[in-house]
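Presented below is the structure to which this report refers.
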Amino acid sequence: MALCMVILSLFFSTAAHAACAPFPSSWNTLSSAFRQPQPPRVQSEFETHLVQHKWNNDVSHITAGFLRNSPSERLVRVDHVFDGQLATSLFNFTNTTTVRIPGSNRNITMVDNTQVTVSDGLTKKTEFRDYVISNYPLIGPDFLVEHAAVFAGFAKRDLVNERLASWSIMYQGSIPVTVFVDACNVVRGYDYFAPELRTRVVNLFFNTRVGRKGNESRNGLEQGRLGR
């Protein structure tokens with residue numbers, strides 16, 4: 001599976017990325033010319049293929065699929081496969097609730113999540129809806145600016161050829177997140193650590209396409225369709 005994804009990543013590399021200006025030399029760490037850059041505005045309406053690996057002492061979970069991030073609709077939609085199951089998951093950021101983290105004085109925002117899963121050779125269908133702590137934050141154009149992101153140097157990522165700028169934030173004031181952005185200000189993935197659950201999550205994006213696609217993400221689930 002990993003080899004196929006590498007091939008797809010190479011095949012779908014776009015001229016748009018090649019046309020973007022390179023990162024300035026003043027961003028090079030361990031250089032006398034370095035100056036802390038200001039966090040950029042990102043291209044926030046996008047759809048992308050993704051691979052996610054989540055692990056802690058109790059679980060190692062890998063999922064692969066397709067993600068759509070749409071601030072204009074206030075939603076994130078993920079169509080993905082894992083452990084022989086196929087699922088469509090919609091995170092509706094117009095409907096959220098705030099709860100206190102047990103054993104602390106911090107609050108965290110939970111998001112309305114609707115998920116439809118099919119398994120057992122597509123013979124079994126399971127539906128779920130509740131407020132959850134989303135693995136997939138809604139990324140708006142000022143996501144890095146609003147979180148006072150700090151430049152964390154350049155990085156190379158699996159499934160992406162070019163070097164990426166990494167930015168460190170504290171999501172919801174309590175979750176350390178590293179966001180990876182290319183020279184065109186396109187988000188190419190993010191990693192985070194959930195302290196309460198001692199959980200590490202890696203999200204790799206590839207074959208990313210930027211632009212608004214309408215409201216088919218929400219309509220698909222409302223009409224009971226699985227997939228795009």
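Residue numbering restarts at 1 in every chain; chains get A, B, ... in the order shown in the structure tokens, and ligands count up from 1 in that same order.
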
Check: Neighbours of stretch 173-184 of chain A within 9 Å (only C-alpha atoms; same-chain residues fewer than 3 positions away dropped), as a VMD selection string?
Finding: chain A and resid 16 to 23 42 to 43 106 to 108 144 147 152 154 to 155 157 162 to 170 187 to 195

Next item on the list: Please give the complete set of residues from stretch 66-203 of chain A that DSSP, run on the backbone, assigns to strand (DSSP E), formatted as JSON, numbers by chain.
Entry: {"A": [66, 67, 68, 69, 70, 75, 76, 77, 78, 79, 80, 81, 82, 85, 86, 87, 88, 89, 90, 91, 92, 93, 94, 95, 96, 97, 98, 99, 100, 107, 108, 109, 110, 111, 112, 113, 114, 115, 116, 117, 118, 119, 124, 125, 126, 127, 128, 129, 130, 131, 132, 150, 151, 152, 153, 154, 155, 164, 165, 166, 167, 168, 169, 170, 171, 175, 176, 177, 178, 179, 180, 181, 187, 188, 189, 190, 191, 192, 193, 194, 199, 200, 201, 202, 203]}

Item checked: Test item, alpha helix (DSSP H) assignment across stretch 126-213 of chain A, answer as a PyMOL selection string -> chain A and resi 143-146

Closest pair table for stretch 107-177 of chain A residues within 8 Å of stretch 84-92 of chain A, only C-alpha atoms, as a Markdown table:
```
| residue | atom | partner | partner_atom | distance |
| --- | --- | --- | --- | --- |
| A:Val111 | CA | A:Phe91 | CA | 6.4 |
| A:Asp112 | CA | A:Asn92 | CA | 5.3 |
| A:Asn113 | CA | A:Phe91 | CA | 4.6 |
| A:Thr114 | CA | A:Leu90 | CA | 5.2 |
| A:Gln115 | CA | A:Ser89 | CA | 4.2 |
| A:Val116 | CA | A:Thr88 | CA | 5.4 |
| A:Thr117 | CA | A:Ala87 | CA | 4.2 |
| A:Val118 | CA | A:Leu86 | CA | 5.4 |
| A:Ser119 | CA | A:Gln85 | CA | 4.7 |
| A:Asp120 | CA | A:Gln85 | CA | 7.6 |
| A:Ser134 | CA | A:Phe91 | CA | 7.4 |
```

Check: A:Trp27: which residues within 10 Å, counting only C-alpha atoms, same-chain residues fewer than 2 positions away excluded, as a VMD selection string?
Finding: chain A and resid 23 to 25 29 to 31 33 to 37 151 to 154 165

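From atom CA of A:Lys156 back to atom CA of A:His61, the distance works out to 22.8 Å.
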
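Distances here use only C-alpha atoms; by that measure, the residue among A:Ala64, A:Val160, A:Ile101, A:Leu138 closest to A:Ser44 is A:Leu138.
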
Item checked: Atom pair atom CA of A:Pro40 / atom CA of A:Val150: separation (Å) -> 10.7 Å

Next item on the list: Excluding A:Gly65 and any residue of its chain fewer than 5 positions from it, enumerate the residues within 7 Å of it, using only C-alpha atoms, and give them as a PyMOL selection string.
Entry: chain A and resi 49-51+79-81

Any chance you could export the current selection's N, CA and C atoms as an mmCIF file, in the first residue's frame?
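As written to disk, out_39.cif reads:
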```
data_model
loop_
_atom_site.group_PDB
_atom_site.id
_atom_site.type_symbol
_atom_site.label_atom_id
_atom_site.label_comp_id
_atom_site.auth_asym_id
_atom_site.auth_seq_id
_atom_site.Cartn_x
_atom_site.Cartn_y
_atom_site.Cartn_z
ATOM 1 N N HIS A 49 -5.735 13.171 -0.238
ATOM 2 C CA HIS A 49 -5.578 11.813 0.259
ATOM 3 C C HIS A 49 -4.763 11.871 1.544
ATOM 4 N N LEU A 50 -5.026 10.914 2.426
ATOM 5 C CA LEU A 50 -4.335 10.941 3.714
ATOM 6 C C LEU A 50 -4.027 9.535 4.197
ATOM 7 N N VAL A 51 -2.985 9.455 5.010
ATOM 8 C CA VAL A 51 -2.684 8.266 5.807
ATOM 9 C C VAL A 51 -2.511 8.745 7.240
ATOM 10 N N ASP A 79 -13.429 10.176 4.340
ATOM 11 C CA ASP A 79 -13.815 8.855 3.843
ATOM 12 C C ASP A 79 -12.578 7.974 3.948
ATOM 13 N N HIS A 80 -12.650 6.897 4.717
ATOM 14 C CA HIS A 80 -11.424 6.146 4.984
ATOM 15 C C HIS A 80 -11.701 4.664 5.206
ATOM 16 N N VAL A 81 -10.620 3.883 5.137
ATOM 17 C CA VAL A 81 -10.685 2.437 5.349
ATOM 18 C C VAL A 81 -9.723 2.069 6.469
#
```
